[in-house]
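What follows is a set of notes on a single structure, which appears directly below.
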Amino acid sequence: MTATVATRVLGVVAIAATGVMALLALWTSPADVVQGDAVRLLYVHVPSIWVAYGSFVLTAFASALVLWQTRSGQGGAEGELVDRAARRWDRTAGAAAELGVLFTALTLATGSLWGKVTWGTYWQWDARLTTTVLLFVTYLGYLALRRLPTESRARARRCGVMALIAVVNLPIVHYSVDWWRTLHQEGSLSLRPGGDLNISGEMLWTLLYSFATFTVVAVWTGIHRYRVLRIEELAEEASLTELLSQRRSEQAAGR
């Protein structure tokens with residue numbers, strides 16, 4: 001389970017890219033005409049929520065595969081292969097959800113700082129803020145469900161169902177500024193066909209670079225978190241094997 005050369009290289013790239021991003025965000029990119037230096041929070045705030053979106057979509061995709069692969073109980077060697085594949089996707093879903101929760105928390109934190117500067121308060125029950133908190137709490141519940149002590153196959157299926165329900169909140173969060181009147185500004189980058197860019201020049205290129213940097217950091221972190229989940233599974237299996245061995249020894253001694 002040691003880090004491979006590829007992940008070590010990825011880690012170096014992630015650290016170096018983060019350093020360059022800091023230089024671009026703090027010194028190269030100019031202050032905004034309206035928001036001033038508060039606009040620099042944009043280079044963390046926006047990429048954070050996009051990484052969270054991607055992580056939650058990956059959680060839903062992996063969970064759908066888990067439900068598909070465990071839809072029927074198969075025995076023998078084929079069933080064992082299916083279970084192994086399902087467990088790999090289940091670990092992927094868990095690792096991605098943890099990343100999503102982490103980056104959503106970062107989004108909320110930077111958003112609160114930005115709100116204090118622009119609105120004069122750290123929090124408003126705005127549509128975008130409220131739906132984002134709901135997203136955060138929902139996936140905290142998903143992670144809590146993953147920690148409940150139960151048979152691994154049943155837990156994977158329950159978590160898979162919850163992940164597919166939770167992901168429905170993503171478009172609600174993203175389009176909340178379009179569907180309701182909110183204090184939150186419109187998106188800097190529009191996904192709608194023909195949508196206008198609300199940012200340009202050095203700010204735009206710095207933001208795009210921040211997207212790339214956060215993606216590399218998320219991939220690197222996700223790989224290591226997946227490995228940790230695998231180690232936890234192996235430790236749990238070893239502990240169970242040891243307990244069963246002890247139980248058999250006690251039964252043999254009692255005869």
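To be explicit about the labels: the chains of the structure tokens are called A, B, and onward in the order shown, and within each one the residues are counted from 1, while ligands get numbers from 1 in the order they are shown.
Around Thr110 of chain A, within 8 Å and counting only C-alpha atoms, the residues found are Leu41, Val44, His45, Leu106, Thr107, Leu113 and Trp114 of chain A, once anything fewer than 3 positions away on its own chain is removed.
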What's the 8 Å shell around Thr121 of chain A, counting only C-alpha atoms, without same-chain residues fewer than 5 positions away, as a list in words?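 Final neighbour list, sorted by chain and number: Ser112, Gly115 and Lys116 of chain A.
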Kindly indicate which residue among A:Val228, A:Gly222, A:Val5, A:Ala14 lies nearest to Gly100 of chain A, using only C-alpha atoms for the distances.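 Result for the nearest residue to Gly100 of chain A: A:Gly222.
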Can you pull out every residue within 6 Å of segment 200-213 of chain A, counting only C-alpha atoms, but drop anything in the same chain fewer than 5 positions away, and send it as a ChimeraX atom specification? /A:17,29,43,47
Residues at most 8 Å from segment 92-94 of chain A, counting only C-alpha atoms, excluding those fewer than 5 positions away in the same chain, as number ranges by chain? A: 58-63, 143, 146, 226
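Across the model, the gap from atom CA of Trp220 of chain A to atom CA of Thr138 of chain A is 24.6 Å.
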Do you have the atom CA of Met162 of chain A-atom CA of Trp68 of chain A distance handy?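 We find that atom CA of Met162 of chain A and atom CA of Trp68 of chain A lie 14.5 Å from each other.
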Report the closest atom pair, with its distance in Å rounded to one decimal, for each residue of segment 12-113 of chain A that has an atom no farther than 10 Å from segment 169-173 of chain A; count only C-alpha atoms, sort by chain and then rising residue number, and write it as CSV.
```
residue,atom,partner,partner_atom,distance
A:Ala52,CA,A:Leu170,CA,9.6
A:Tyr53,CA,A:Leu170,CA,6.9
A:Gly54,CA,A:Leu170,CA,9.9
A:Phe56,CA,A:Leu170,CA,8.3
A:Val57,CA,A:Leu170,CA,8.6
```
Could those residues be written to a file, using C-alpha atoms, as an mmCIF file, in the first residue's frame?
```cif
data_model
loop_
_atom_site.group_PDB
_atom_site.id
_atom_site.type_symbol
_atom_site.label_atom_id
_atom_site.label_comp_id
_atom_site.auth_asym_id
_atom_site.auth_seq_id
_atom_site.Cartn_x
_atom_site.Cartn_y
_atom_site.Cartn_z
ATOM 1 C CA ALA A 52 -17.233 19.169 -4.464
ATOM 2 C CA TYR A 53 -19.713 18.861 -7.348
ATOM 3 C CA GLY A 54 -17.390 16.493 -9.195
ATOM 4 C CA PHE A 56 -20.475 14.023 -5.365
ATOM 5 C CA VAL A 57 -21.173 13.074 -8.986
#
```
From a DSSP pass on the backbone, collect the residues of segment 26-163 of chain A flagged as alpha helix (DSSP H) and hand them back as a PyMOL selection string. chain A and resi 42-69+76-118+127-146+152-163
Which of these residues is nearest to Ser48 of chain A, using only C-alpha atoms: A:Trp123, A:Trp27, A:Trp89, A:Phe214?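 Checking each candidate against Ser48 of chain A, we get A:Phe214 as the closest.
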